[in-house]
$ cat final08.txt   # compact mmCIF, C-alpha atoms and all ligand atoms
# COMPACT_ATOMS: atom_id res chain seq x y z
CA MET A 1 -11.53 -61.91 26.90
CA GLU A 2 -13.66 -63.64 29.53
CA HIS A 3 -17.36 -62.83 29.56
CA SER A 4 -17.61 -62.35 33.28
CA ASN A 5 -19.88 -59.87 34.99
CA THR A 6 -17.02 -57.39 35.09
CA GLU A 7 -17.02 -57.20 31.28
CA LYS A 8 -19.61 -54.41 31.15
CA LYS A 9 -17.26 -52.22 33.16
CA LEU A 10 -14.85 -52.12 30.24
CA GLY A 11 -15.50 -49.27 27.85
CA PHE A 12 -16.98 -49.58 24.38
CA MET A 13 -13.63 -48.97 22.67
CA THR A 14 -11.91 -51.65 24.77
CA ARG A 15 -14.66 -54.15 23.99
CA SER A 16 -14.52 -53.27 20.27
CA VAL A 17 -10.84 -54.25 20.29
CA HIS A 18 -10.88 -57.29 22.57
CA ALA A 19 -14.31 -58.94 22.70
CA GLY A 20 -14.32 -62.20 20.72
CA ASN A 21 -10.54 -62.33 20.40
CA GLU A 22 -8.20 -64.59 22.40
CA ILE A 23 -4.69 -65.99 22.08
CA ASP A 24 -4.84 -68.97 19.73
CA LYS A 25 -4.08 -72.03 21.82
CA GLU A 26 -2.38 -73.97 19.04
CA THR A 27 0.00 -71.37 17.60
CA GLY A 28 0.20 -68.68 20.26
CA ALA A 29 -0.92 -66.10 17.69
CA ILE A 30 -2.52 -63.15 19.44
CA ARG A 31 -5.25 -63.13 16.80
CA ARG A 32 -7.70 -65.97 16.47
CA PRO A 33 -7.12 -67.49 13.01
CA ILE A 34 -9.55 -67.79 10.15
CA THR A 35 -10.97 -71.29 9.85
CA MET A 36 -12.18 -71.98 6.31
CA ALA A 37 -13.49 -75.47 7.03
CA ASN A 38 -16.93 -76.81 6.15
CA SER A 39 -16.78 -79.64 8.65
CA TYR A 40 -15.43 -80.46 12.11
CA ALA A 41 -14.23 -83.83 13.46
CA LEU A 42 -16.92 -86.11 14.85
CA PRO A 43 -16.62 -87.84 18.25
CA TYR A 44 -15.83 -91.59 18.50
CA ASP A 45 -19.54 -92.44 18.48
CA PRO A 46 -21.52 -89.82 16.54
CA SER A 47 -24.74 -91.81 16.45
CA ASP A 48 -26.40 -89.78 19.21
CA LEU A 49 -25.65 -86.38 17.64
CA ASN A 50 -28.48 -84.09 16.61
CA TRP A 51 -27.55 -83.14 13.04
CA SER A 52 -29.57 -79.93 13.35
CA SER A 53 -27.82 -78.77 16.51
CA ALA A 54 -26.16 -75.37 16.50
CA SER A 55 -24.46 -75.85 19.85
CA GLY A 56 -21.06 -77.33 18.96
CA ASN A 57 -18.79 -77.28 15.93
CA LEU A 58 -20.17 -79.86 13.52
CA TYR A 59 -20.86 -78.45 10.07
CA THR A 60 -20.36 -74.79 9.11
CA ARG A 61 -24.07 -74.22 8.41
CA ASN A 62 -24.69 -75.14 12.06
CA GLY A 63 -22.08 -72.58 13.16
CA GLY A 64 -18.33 -72.24 12.90
CA ALA A 65 -15.39 -70.78 14.76
CA ASN A 66 -15.21 -67.32 13.10
CA GLN A 67 -18.97 -66.87 13.25
CA GLN A 68 -18.84 -67.55 17.00
CA TYR A 69 -16.01 -65.06 17.61
CA LEU A 70 -17.99 -62.36 15.80
CA GLN A 71 -21.11 -63.24 17.79
CA GLU A 72 -19.14 -62.75 21.03
CA LYS A 73 -18.03 -59.30 19.91
CA LEU A 74 -21.47 -58.13 18.81
CA ARG A 75 -23.21 -59.55 21.88
CA SER A 76 -20.81 -57.50 23.95
CA LEU A 77 -21.18 -54.27 21.91
CA GLU A 78 -25.01 -54.43 21.84
CA GLU A 79 -25.13 -55.52 25.52
CA GLY A 80 -27.34 -58.52 24.85
CA GLU A 81 -27.42 -62.05 26.20
CA ASP A 82 -26.83 -63.85 22.90
CA CYS A 83 -26.22 -63.17 19.21
CA VAL A 84 -26.51 -64.94 15.88
CA VAL A 85 -24.74 -63.69 12.77
CA LEU A 86 -26.13 -64.48 9.32
CA ALA A 87 -25.27 -63.91 5.65
CA SER A 88 -26.76 -60.40 5.31
CA GLY A 89 -28.86 -57.83 7.10
CA VAL A 90 -31.87 -59.09 5.17
CA ALA A 91 -31.14 -62.67 6.29
CA ALA A 92 -31.29 -61.28 9.84
CA LEU A 93 -34.58 -59.44 9.22
CA SER A 94 -36.22 -62.45 7.55
CA GLY A 95 -34.75 -64.63 10.31
CA VAL A 96 -36.62 -62.62 12.95
CA PHE A 97 -39.88 -62.53 11.02
CA LEU A 98 -39.98 -66.13 9.76
CA SER A 99 -38.73 -67.67 13.00
CA LEU A 100 -40.93 -65.78 15.45
CA LEU A 101 -44.19 -65.29 13.51
CA LYS A 102 -46.77 -67.82 12.38
CA SER A 103 -49.92 -67.84 10.30
CA GLY A 104 -52.64 -65.74 11.94
CA ASP A 105 -50.22 -63.35 13.68
CA HIS A 106 -50.22 -59.59 13.22
CA VAL A 107 -47.20 -57.25 12.97
CA VAL A 108 -46.97 -53.49 13.37
CA VAL A 109 -44.12 -52.00 11.34
CA SER A 110 -42.77 -48.48 10.77
CA ASP A 111 -43.86 -46.95 7.47
CA SER A 112 -40.22 -45.96 6.92
CA THR A 113 -37.88 -48.96 6.76
CA TYR A 114 -35.33 -50.63 4.57
CA ILE A 115 -37.04 -51.75 1.35
CA ALA A 116 -36.66 -55.48 2.05
CA ALA A 117 -38.38 -55.15 5.45
CA TYR A 118 -41.28 -53.53 3.60
CA ARG A 119 -41.34 -56.31 0.97
CA LEU A 120 -41.20 -59.06 3.57
CA LEU A 121 -43.80 -57.64 5.94
CA HIS A 122 -46.07 -55.87 3.50
CA GLU A 123 -46.05 -58.36 0.62
CA LEU A 124 -44.38 -61.74 1.23
CA LEU A 125 -45.68 -62.65 4.70
CA PRO A 126 -49.29 -61.48 4.10
CA GLY A 127 -49.39 -62.98 0.59
CA LYS A 128 -47.93 -66.37 1.38
CA TYR A 129 -48.23 -67.03 5.09
CA ASN A 130 -51.37 -65.24 6.28
CA ILE A 131 -49.41 -62.92 8.56
CA GLN A 132 -51.07 -59.49 8.59
CA THR A 133 -49.11 -56.26 8.77
CA THR A 134 -50.07 -52.69 9.63
CA LEU A 135 -47.75 -49.90 8.46
CA VAL A 136 -47.68 -47.06 10.94
CA ASP A 137 -45.93 -43.72 11.35
CA SER A 138 -43.96 -44.87 14.39
CA ARG A 139 -42.96 -41.29 15.32
CA ASP A 140 -46.47 -41.10 16.73
CA LEU A 141 -46.89 -43.28 19.84
CA GLU A 142 -50.69 -42.97 19.76
CA ALA A 143 -50.70 -44.24 16.17
CA VAL A 144 -48.55 -47.22 17.24
CA LYS A 145 -51.02 -48.02 20.04
CA ALA A 146 -53.98 -47.67 17.72
CA ALA A 147 -52.42 -50.11 15.23
CA LEU A 148 -52.26 -52.96 17.77
CA HIS A 149 -54.60 -55.94 17.41
CA THR A 150 -55.20 -58.71 19.94
CA ASN A 151 -52.99 -60.99 17.79
CA THR A 152 -50.10 -58.50 17.43
CA LYS A 153 -46.91 -60.47 18.16
CA LEU A 154 -44.25 -58.07 16.98
CA ILE A 155 -43.57 -54.37 16.51
CA HIS A 156 -40.65 -53.72 14.16
CA ILE A 157 -39.09 -50.28 13.85
CA GLU A 158 -36.01 -48.68 12.38
CA THR A 159 -34.55 -45.55 13.97
CA PRO A 160 -33.08 -43.52 12.35
CA SER A 161 -35.01 -44.97 9.42
CA ASN A 162 -33.95 -45.71 5.87
CA PRO A 163 -34.34 -43.59 3.76
CA THR A 164 -36.25 -40.71 5.40
CA LEU A 165 -34.37 -40.50 8.73
CA LYS A 166 -37.50 -40.69 10.85
CA ILE A 167 -36.85 -41.05 14.57
CA SER A 168 -38.97 -43.37 16.73
CA ASP A 169 -38.96 -43.43 20.53
CA ILE A 170 -37.54 -46.85 21.44
CA ARG A 171 -38.41 -46.63 25.17
CA GLY A 172 -41.97 -45.50 24.46
CA ILE A 173 -42.61 -48.18 21.84
CA ALA A 174 -41.04 -50.89 24.04
CA THR A 175 -43.59 -50.07 26.76
CA ILE A 176 -46.46 -50.17 24.24
CA ALA A 177 -45.25 -53.53 22.87
CA HIS A 178 -44.83 -55.12 26.28
CA ASP A 179 -48.20 -53.87 27.57
CA ALA A 180 -49.73 -55.63 24.55
CA GLY A 181 -47.72 -58.84 25.06
CA ALA A 182 -45.75 -58.24 21.85
CA LEU A 183 -42.03 -58.15 21.14
CA LEU A 184 -40.16 -55.09 19.89
CA SER A 185 -37.40 -55.52 17.31
CA VAL A 186 -35.29 -52.52 16.31
CA ASP A 187 -33.14 -52.27 13.19
CA ASN A 188 -30.12 -50.39 14.54
CA THR A 189 -28.14 -50.26 11.29
CA PHE A 190 -28.17 -46.45 10.83
CA ALA A 191 -27.02 -45.72 14.38
CA SER A 192 -24.65 -48.66 15.07
CA PRO A 193 -24.14 -49.83 18.66
CA TYR A 194 -21.65 -47.03 19.27
CA ASN A 195 -24.43 -44.44 19.00
CA GLN A 196 -27.44 -46.44 20.19
CA ARG A 197 -28.11 -49.73 21.97
CA PRO A 198 -31.79 -50.63 21.60
CA LEU A 199 -31.63 -53.53 24.10
CA THR A 200 -30.64 -51.15 26.89
CA LEU A 201 -33.63 -48.96 25.93
CA GLY A 202 -36.15 -51.80 26.30
CA ALA A 203 -36.19 -53.51 22.88
CA ASP A 204 -36.30 -57.32 22.83
CA LEU A 205 -34.28 -57.79 19.66
CA CYS A 206 -31.68 -55.67 17.91
CA VAL A 207 -31.05 -56.27 14.20
CA GLU A 208 -27.97 -54.97 12.39
CA SER A 209 -26.84 -55.05 8.79
CA LEU A 210 -23.13 -55.71 9.40
CA THR A 211 -22.58 -54.74 5.76
CA LYS A 212 -22.81 -51.10 6.82
CA TYR A 213 -21.03 -49.45 9.77
CA ILE A 214 -19.95 -52.54 11.71
CA ASN A 215 -17.80 -53.87 8.88
CA GLY A 216 -17.38 -50.34 7.63
CA HIS A 217 -15.15 -51.00 4.64
CA GLY A 218 -17.67 -51.88 1.95
CA ASP A 219 -16.21 -55.31 1.27
CA ALA A 220 -18.30 -57.91 3.12
CA MET A 221 -21.98 -58.59 3.81
CA GLY A 222 -23.46 -59.85 7.03
CA GLY A 223 -26.31 -59.46 9.47
CA ALA A 224 -26.79 -59.98 13.18
CA ILE A 225 -29.57 -60.35 15.71
CA VAL A 226 -28.86 -59.76 19.40
CA GLY A 227 -31.30 -60.56 22.20
CA PRO A 228 -32.29 -63.12 24.85
CA LYS A 229 -30.92 -66.65 24.41
CA THR A 230 -34.38 -68.25 24.14
CA LEU A 231 -35.28 -66.14 21.09
CA ILE A 232 -31.81 -66.26 19.52
CA ASP A 233 -31.69 -70.08 19.84
CA LYS A 234 -34.92 -70.30 17.88
CA ILE A 235 -33.73 -67.89 15.18
CA ARG A 236 -30.38 -69.69 14.96
CA ALA A 237 -32.05 -73.06 14.45
CA ASP A 238 -34.59 -71.81 11.92
CA ALA A 239 -32.79 -69.08 9.97
CA MET A 240 -29.26 -70.48 10.03
CA VAL A 241 -29.39 -74.28 10.24
CA ASN A 242 -32.70 -75.00 8.51
CA VAL A 243 -33.19 -72.07 6.14
CA GLY A 244 -29.45 -71.83 5.47
CA GLY A 245 -28.71 -68.13 5.91
CA VAL A 246 -25.21 -68.83 7.29
CA ILE A 247 -22.41 -66.27 6.89
CA SER A 248 -19.11 -67.41 5.38
CA PRO A 249 -16.19 -67.71 7.84
CA PHE A 250 -14.19 -65.29 5.69
CA ASN A 251 -16.87 -62.60 5.83
CA ALA A 252 -17.26 -63.12 9.58
CA TRP A 253 -13.49 -62.65 9.92
CA LEU A 254 -13.50 -59.48 7.77
CA ILE A 255 -16.38 -58.00 9.76
CA MET A 256 -14.67 -58.89 13.05
CA ARG A 257 -11.62 -56.97 11.80
CA GLY A 258 -13.69 -54.00 10.67
CA ALA A 259 -15.61 -53.83 13.95
CA VAL A 260 -12.42 -53.16 15.92
CA SER A 261 -12.37 -49.56 14.66
CA LEU A 262 -16.16 -48.99 14.84
CA PRO A 263 -16.03 -46.39 17.65
CA ILE A 264 -13.34 -44.21 16.11
CA ARG A 265 -14.93 -44.44 12.67
CA MET A 266 -18.34 -43.52 14.10
CA ARG A 267 -16.88 -40.48 15.83
CA GLN A 268 -15.67 -39.20 12.48
CA HIS A 269 -18.91 -40.13 10.67
CA ASN A 270 -20.94 -38.33 13.38
CA GLN A 271 -18.76 -35.23 13.28
CA SER A 272 -18.50 -34.89 9.49
CA ALA A 273 -22.18 -35.64 8.91
CA LEU A 274 -23.27 -32.89 11.30
CA ALA A 275 -20.94 -30.42 9.58
CA ILE A 276 -22.16 -31.41 6.08
CA ALA A 277 -25.83 -31.31 7.17
CA LYS A 278 -25.30 -27.73 8.42
CA PHE A 279 -23.48 -26.82 5.22
CA LEU A 280 -26.38 -28.18 3.12
CA GLU A 281 -28.98 -26.49 5.30
CA ASN A 282 -27.35 -23.13 4.56
CA HIS A 283 -27.02 -23.65 0.81
CA GLU A 284 -29.65 -21.84 -1.22
CA ALA A 285 -30.06 -24.69 -3.75
CA VAL A 286 -31.09 -27.06 -0.96
CA ARG A 287 -34.82 -27.41 -0.30
CA PHE A 288 -34.58 -29.48 2.90
CA VAL A 289 -32.14 -31.57 4.92
CA ALA A 290 -33.23 -34.47 7.14
CA TYR A 291 -30.52 -35.30 9.68
CA PRO A 292 -31.47 -36.06 13.29
CA GLY A 293 -28.44 -34.14 14.57
CA LEU A 294 -29.88 -30.85 13.27
CA GLU A 295 -32.03 -28.93 15.72
CA SER A 296 -34.42 -28.32 12.82
CA HIS A 297 -35.13 -32.08 12.60
CA GLU A 298 -38.51 -32.84 14.16
CA GLY A 299 -37.09 -35.96 15.83
CA HIS A 300 -34.01 -34.24 17.25
CA ALA A 301 -35.07 -34.26 20.91
CA VAL A 302 -36.10 -37.94 20.85
CA ALA A 303 -32.89 -38.84 19.02
CA ALA A 304 -30.79 -36.91 21.54
CA GLY A 305 -32.52 -38.84 24.34
CA GLN A 306 -31.59 -42.26 22.96
CA MET A 307 -28.45 -41.75 20.83
CA GLU A 308 -25.35 -41.45 22.92
CA HIS A 309 -22.43 -40.05 20.95
CA GLY A 310 -23.94 -38.65 17.80
CA PHE A 311 -26.48 -39.16 15.05
CA GLY A 312 -24.66 -41.32 12.50
CA GLY A 313 -23.37 -40.53 9.03
CA VAL A 314 -26.53 -40.74 6.90
CA MET A 315 -28.80 -37.89 5.86
CA ALA A 316 -31.40 -37.15 3.21
CA PHE A 317 -31.78 -33.90 1.32
CA GLY A 318 -33.71 -32.39 -1.58
CA LEU A 319 -32.77 -29.74 -4.11
CA ARG A 320 -34.71 -26.89 -5.65
CA ALA A 321 -34.27 -28.49 -9.06
CA ASP A 322 -36.00 -30.48 -11.77
CA HIS A 323 -35.44 -34.19 -12.30
CA ASP A 324 -32.50 -33.87 -14.68
CA ALA A 325 -30.66 -31.35 -12.50
CA HIS A 326 -30.47 -33.98 -9.75
CA ASN A 327 -28.62 -36.38 -12.06
CA ARG A 328 -26.46 -33.53 -13.41
CA PHE A 329 -25.41 -32.63 -9.86
CA VAL A 330 -24.39 -36.25 -9.15
CA SER A 331 -22.44 -36.51 -12.40
CA HIS A 332 -20.18 -33.64 -11.23
CA LEU A 333 -19.29 -35.26 -7.86
CA LYS A 334 -15.70 -36.51 -7.66
CA VAL A 335 -15.17 -37.46 -4.00
CA VAL A 336 -18.69 -38.73 -3.33
CA THR A 337 -19.61 -41.90 -5.28
CA SER A 338 -23.05 -42.60 -6.74
CA ALA A 339 -23.83 -46.08 -5.41
CA VAL A 340 -26.20 -47.77 -2.98
CA SER A 341 -25.21 -48.89 0.52
CA LEU A 342 -24.03 -46.74 3.41
CA GLY A 343 -21.66 -46.79 6.36
CA HIS A 344 -18.65 -47.41 4.12
CA ASP A 345 -15.31 -45.62 4.36
CA GLU A 346 -16.17 -43.76 1.13
CA SER A 347 -19.05 -41.27 0.87
CA LEU A 348 -22.00 -42.63 -1.12
CA ILE A 349 -25.03 -40.90 -2.65
CA VAL A 350 -28.26 -42.29 -4.14
CA PHE A 351 -30.95 -40.32 -5.99
CA LEU A 352 -34.41 -41.58 -5.06
CA GLY A 353 -36.53 -40.15 -7.82
CA GLU A 354 -40.14 -39.01 -7.75
CA ASN A 355 -41.30 -42.38 -9.12
CA ASP A 356 -40.11 -44.29 -6.05
CA GLU A 357 -42.95 -46.71 -5.29
CA ARG A 358 -43.04 -45.88 -1.58
CA GLN A 359 -43.45 -42.16 -2.18
CA TYR A 360 -46.96 -42.40 -0.73
CA LEU A 361 -45.36 -43.24 2.61
CA TYR A 362 -42.78 -40.44 2.60
CA PRO A 363 -43.29 -37.14 4.41
CA GLU A 364 -44.29 -34.20 2.15
CA ASP A 365 -40.72 -32.80 1.86
CA PHE A 366 -39.52 -36.01 0.24
CA HIS A 367 -42.03 -35.88 -2.61
CA GLY A 368 -40.49 -34.92 -5.94
CA GLY A 369 -37.21 -36.78 -5.40
CA PHE A 370 -34.39 -36.62 -2.87
CA PHE A 371 -30.91 -37.93 -2.11
CA ARG A 372 -29.70 -40.30 0.55
CA LEU A 373 -26.13 -39.35 1.41
CA SER A 374 -23.80 -41.48 3.54
CA ILE A 375 -20.86 -39.44 4.77
CA GLY A 376 -17.59 -41.38 4.65
CA LEU A 377 -14.20 -40.95 6.25
CA GLU A 378 -12.69 -38.47 3.78
CA ASP A 379 -11.71 -34.99 5.02
CA THR A 380 -14.89 -33.11 5.90
CA GLU A 381 -13.75 -30.07 3.87
CA ASP A 382 -13.18 -32.23 0.77
CA ILE A 383 -16.72 -33.65 0.97
CA ALA A 384 -18.24 -30.18 1.44
CA GLU A 385 -16.17 -28.70 -1.39
CA ASP A 386 -17.11 -31.60 -3.69
CA ILE A 387 -20.81 -30.97 -3.09
CA ARG A 388 -20.38 -27.19 -3.47
CA GLN A 389 -18.57 -27.42 -6.82
CA ALA A 390 -21.03 -30.04 -8.16
CA LEU A 391 -24.00 -27.81 -7.28
CA GLU A 392 -22.27 -24.93 -9.01
CA LYS A 393 -21.43 -26.93 -12.15
CA ALA A 394 -25.04 -28.18 -12.27
CA LYS A 395 -26.05 -24.47 -12.15
CA LEU A 396 -27.95 -24.81 -8.90
C1 LIG A 401 -28.76 -52.21 4.25
C2 LIG A 401 -29.79 -52.32 5.29
C3 LIG A 401 -30.39 -53.56 5.58
C4 LIG A 401 -30.08 -54.80 4.78
O1 LIG A 401 -28.79 -55.24 4.96
P1 LIG A 401 -28.00 -56.14 3.88
O2 LIG A 401 -26.75 -56.47 4.59
O3 LIG A 401 -27.83 -55.30 2.66
O4 LIG A 401 -28.86 -57.33 3.60
C5 LIG A 401 -31.31 -53.61 6.59
N1 LIG A 401 -31.65 -52.51 7.28
C6 LIG A 401 -31.12 -51.31 7.02
C7 LIG A 401 -31.55 -50.14 7.83
C8 LIG A 401 -30.17 -51.17 6.01
O5 LIG A 401 -29.66 -49.96 5.75
$ encode --input "final08.txt" --output "structure tokens"
Amino acid sequence: MEHSNTEKKLGFMTRSVHAGNEIDKETGAIRRPITMANSYALPYDPSDLNWSSASGNLYTRNGGANQQYLQEKLRSLEEGEDCVVLASGVAALSGVFLSLLKSGDHVVVSDSTYIAAYRLLHELLPGKYNIQTTLVDSRDLEAVKAALHTNTKLIHIETPSNPTLKISDIRGIATIAHDAGALLSVDNTFASPYNQRPLTLGADLCVESLTKYINGHGDAMGGAIVGPKTLIDKIRADAMVNVGGVISPFNAWLIMRGAVSLPIRMRQHNQSALAIAKFLENHEAVRFVAYPGLESHEGHAVAAGQMEHGFGGVMAFGLRADHDAHNRFVSHLKVVTSAVSLGHDESLIVFLGENDERQYLYPEDFHGGFFRLSIGLEDTEDIAEDIRQALEKAKL
């Protein structure tokens, strides 16, 4: 598909199918093939080549065919100018931080993020590279403003956030960042581009763990950053070519294949998750449910103003139960699997116990242990019934 100015007029589902794919010139196959090569043929006189260049096919760590096809698709779905795909979501996060920040800079980051973002910004960068970080409750725009310093270069948020499902106002925080001369990066993993496109809401960079909804089948890891070419070129050179966070061609191919069905999968995730969140909210053993699609969620209005088709498939909830009863409940689940990760075809649950080291950052409800539940693509009734019978067997 040509990336002309008319491209945006095609719908999200059409772009999910076609963007990045073309008829293979050599074989006529209507799918671009997988190219498992480490190296590409050099020109007659290679002596003028820049061995660190990521612009043409040279060496797979500098970029390869399948990586580029996936970048075309994601650039289109996130509505950005350019994209780089890397080995994992964390490679993408560290790629943003290490490529764009330097010693003496300051970062403002949500107090609710993926654990590795917390480790990188709260421990690794301050400890090793003299980059200072302020954790802030980014639901509160005044708190975000108050956290800014004159050397703040980046605000990084996640919305909905992992694992507490906090909602931050992307438009509001983009304005605050730009007024302060800082960039805004948004981790869009929980929403996926079907539900939310941070770049269209004012963010400078959108980060995705492709491991989750975009691949969607729980069998390949990847990460992506979408944004303006000037920033992406820098991240590509640093994080991919020089730090080496390249994705394998096979994983790029798998994720490209998974992404085709992203919109129809997200519709089902959105619909089932809302139904399960309501079911949990009405169950007497359940102490609280955090799902931005529920009207009872304090971030519901902000989420509804920036999420287009639904609120994703992930929720958190707590039980009126002691520590052991939480594990007993999980042991009785048959459809829902106890494992980390989210956005897979199968439903996944994780118990985050009361000793979780970031408890001090969690809202009151989350103290004393809670579950993160990722609703999969099974029948909604089967997921609800599985939870109901497991609560019953655990005597809750
Ligand atoms: C899983 C996740 C990541 C990290 O992605 P990996 O592919 O596991 O490295 C980053 N952000 C969020 C919100 C995630 O859920």
$ residues_near_ligand --input "final08.txt" --ligand "ligand LIG 401 (chain A)" --cutoff "10 Å" --atoms "all atoms listed in the file" --output "PyMOL selection string"
chain A and resi 86-94+112-117+157-163+186-191+207-213+220-224+314+340-343
$ residues_around --input "final08.txt" --residues "A:Thr150" --least-positions-apart "6" --cutoff "10 Å" --atoms "all atoms listed in the file" --output "ChimeraX atom specification"
/A:105-106,180-182
$ write_last_selection --input "final08.txt" --atoms "C-alpha atoms" --output "mmCIF file, keeping the file's coordinate frame"
data_model
loop_
_atom_site.group_PDB
_atom_site.id
_atom_site.type_symbol
_atom_site.label_atom_id
_atom_site.label_comp_id
_atom_site.auth_asym_id
_atom_site.auth_seq_id
_atom_site.Cartn_x
_atom_site.Cartn_y
_atom_site.Cartn_z
ATOM 1 C CA ASP A 105 -50.220 -63.350 13.680
ATOM 2 C CA HIS A 106 -50.220 -59.590 13.220
ATOM 3 C CA ALA A 180 -49.730 -55.630 24.550
ATOM 4 C CA GLY A 181 -47.720 -58.840 25.060
ATOM 5 C CA ALA A 182 -45.750 -58.240 21.850
#
$ atom_distance --input "final08.txt" --atom1 "atom CA of A:Gly216" --atom2 "atom CA of A:Ile349"
15.9 Å
$ closest_residue --input "final08.txt" --among "A:Arg15, A:Lys334, A:Lys395, A:Lys166" --to "A:Leu262" --atoms "all atoms listed in the file"
A:Arg15
$ closest_residue --input "final08.txt" --among "A:Thr134, A:Asn355, A:Ser52, A:Ser99" --to "A:Thr230" --atoms "only C-alpha atoms"
A:Ser99
$ atom_distance --input "final08.txt" --atom1 "atom CA of A:Gly172" --atom2 "atom CA of A:Gly305"
11.6 Å
$ axis_aligned_box --input "final08.txt" --around "stretch 141-151 of chain A" --padding-each-side "4 Å" --output "lines of an AutoDock Vina configuration file"
center_x = -51.0
center_y = -52.0
center_z = 17.6
size_x = 16.3
size_y = 26.0
size_z = 12.8
$ closest_residue --input "final08.txt" --among "A:Val241, A:Leu165, A:Leu120, A:Val350" --to "A:Ala290" --atoms "all atoms listed in the file"
A:Leu165
$ closest_residue --input "final08.txt" --among "A:Glu142, A:Glu392, A:Glu378, A:Asp48" --to "A:Thr337" --atoms "only C-alpha atoms"
A:Glu378
$ closest_residue --input "final08.txt" --among "A:Ile30, A:Asp24, A:Glu123, A:Ser248" --to "A:Gly64" --atoms "only C-alpha atoms"
A:Ser248
$ residues_around --input "final08.txt" --residues "A:Gln196" --least-positions-apart "5" --cutoff "7 Å" --atoms "only C-alpha atoms" --output "ChimeraX atom specification"
/A:191,306-308
$ residues_around --input "final08.txt" --residues "stretch 233-240 of chain A" --least-positions-apart "2" --cutoff "7 Å" --atoms "all atoms listed in the file" --output "ChimeraX atom specification"
/A:54,61-62,84,86,95-96,99,229-231,242-246
$ write_last_selection --input "final08.txt" --atoms "C-alpha atoms" --output "mmCIF file, in the coordinates of the input"
data_model
loop_
_atom_site.group_PDB
_atom_site.id
_atom_site.type_symbol
_atom_site.label_atom_id
_atom_site.label_comp_id
_atom_site.auth_asym_id
_atom_site.auth_seq_id
_atom_site.Cartn_x
_atom_site.Cartn_y
_atom_site.Cartn_z
ATOM 1 C CA ALA A 54 -26.160 -75.370 16.500
ATOM 2 C CA ARG A 61 -24.070 -74.220 8.410
ATOM 3 C CA ASN A 62 -24.690 -75.140 12.060
ATOM 4 C CA VAL A 84 -26.510 -64.940 15.880
ATOM 5 C CA LEU A 86 -26.130 -64.480 9.320
ATOM 6 C CA GLY A 95 -34.750 -64.630 10.310
ATOM 7 C CA VAL A 96 -36.620 -62.620 12.950
ATOM 8 C CA SER A 99 -38.730 -67.670 13.000
ATOM 9 C CA LYS A 229 -30.920 -66.650 24.410
ATOM 10 C CA THR A 230 -34.380 -68.250 24.140
ATOM 11 C CA LEU A 231 -35.280 -66.140 21.090
ATOM 12 C CA ASN A 242 -32.700 -75.000 8.510
ATOM 13 C CA VAL A 243 -33.190 -72.070 6.140
ATOM 14 C CA GLY A 244 -29.450 -71.830 5.470
ATOM 15 C CA GLY A 245 -28.710 -68.130 5.910
ATOM 16 C CA VAL A 246 -25.210 -68.830 7.290
#
$ atom_distance --input "final08.txt" --atom1 "atom CA of A:Phe97" --atom2 "atom CA of A:Ala177"
15.8 Å
$ residues_around --input "final08.txt" --residues "A:Val336" --least-positions-apart "4" --cutoff "10 Å" --atoms "all atoms listed in the file" --output "short mmCIF file (atom, residue, chain, number, x, y, z; two decimals) with C-alpha atoms, keeping the file's coordinate frame"
data_model
loop_
_atom_site.label_atom_id
_atom_site.label_comp_id
_atom_site.auth_asym_id
_atom_site.auth_seq_id
_atom_site.Cartn_x
_atom_site.Cartn_y
_atom_site.Cartn_z
CA VAL A 330 -24.39 -36.25 -9.15
CA HIS A 332 -20.18 -33.64 -11.23
CA GLU A 346 -16.17 -43.76 1.13
CA SER A 347 -19.05 -41.27 0.87
CA LEU A 348 -22.00 -42.63 -1.12
CA ILE A 349 -25.03 -40.90 -2.65
CA LEU A 373 -26.13 -39.35 1.41
CA SER A 374 -23.80 -41.48 3.54
CA ILE A 375 -20.86 -39.44 4.77
CA GLY A 376 -17.59 -41.38 4.65
CA GLU A 378 -12.69 -38.47 3.78
CA ASP A 382 -13.18 -32.23 0.77
CA ILE A 383 -16.72 -33.65 0.97
CA ALA A 384 -18.24 -30.18 1.44
CA ASP A 386 -17.11 -31.60 -3.69
CA ILE A 387 -20.81 -30.97 -3.09
#
$ closest_residue --input "final08.txt" --among "A:Leu333, A:Val85, A:Ala316, A:Ala275" --to "A:Gly369" --atoms "only C-alpha atoms"
A:Ala316
$ residues_around --input "final08.txt" --residues "A:Ile170" --least-positions-apart "3" --cutoff "7 Å" --atoms "only C-alpha atoms" --output "MDAnalysis selection string"
chainID A and resid 173:174 198 201 203
$ write_last_selection --input "final08.txt" --atoms "C-alpha atoms" --output "mmCIF file, keeping the file's coordinate frame"
data_model
loop_
_atom_site.group_PDB
_atom_site.id
_atom_site.type_symbol
_atom_site.label_atom_id
_atom_site.label_comp_id
_atom_site.auth_asym_id
_atom_site.auth_seq_id
_atom_site.Cartn_x
_atom_site.Cartn_y
_atom_site.Cartn_z
ATOM 1 C CA ILE A 173 -42.610 -48.180 21.840
ATOM 2 C CA ALA A 174 -41.040 -50.890 24.040
ATOM 3 C CA PRO A 198 -31.790 -50.630 21.600
ATOM 4 C CA LEU A 201 -33.630 -48.960 25.930
ATOM 5 C CA ALA A 203 -36.190 -53.510 22.880
#
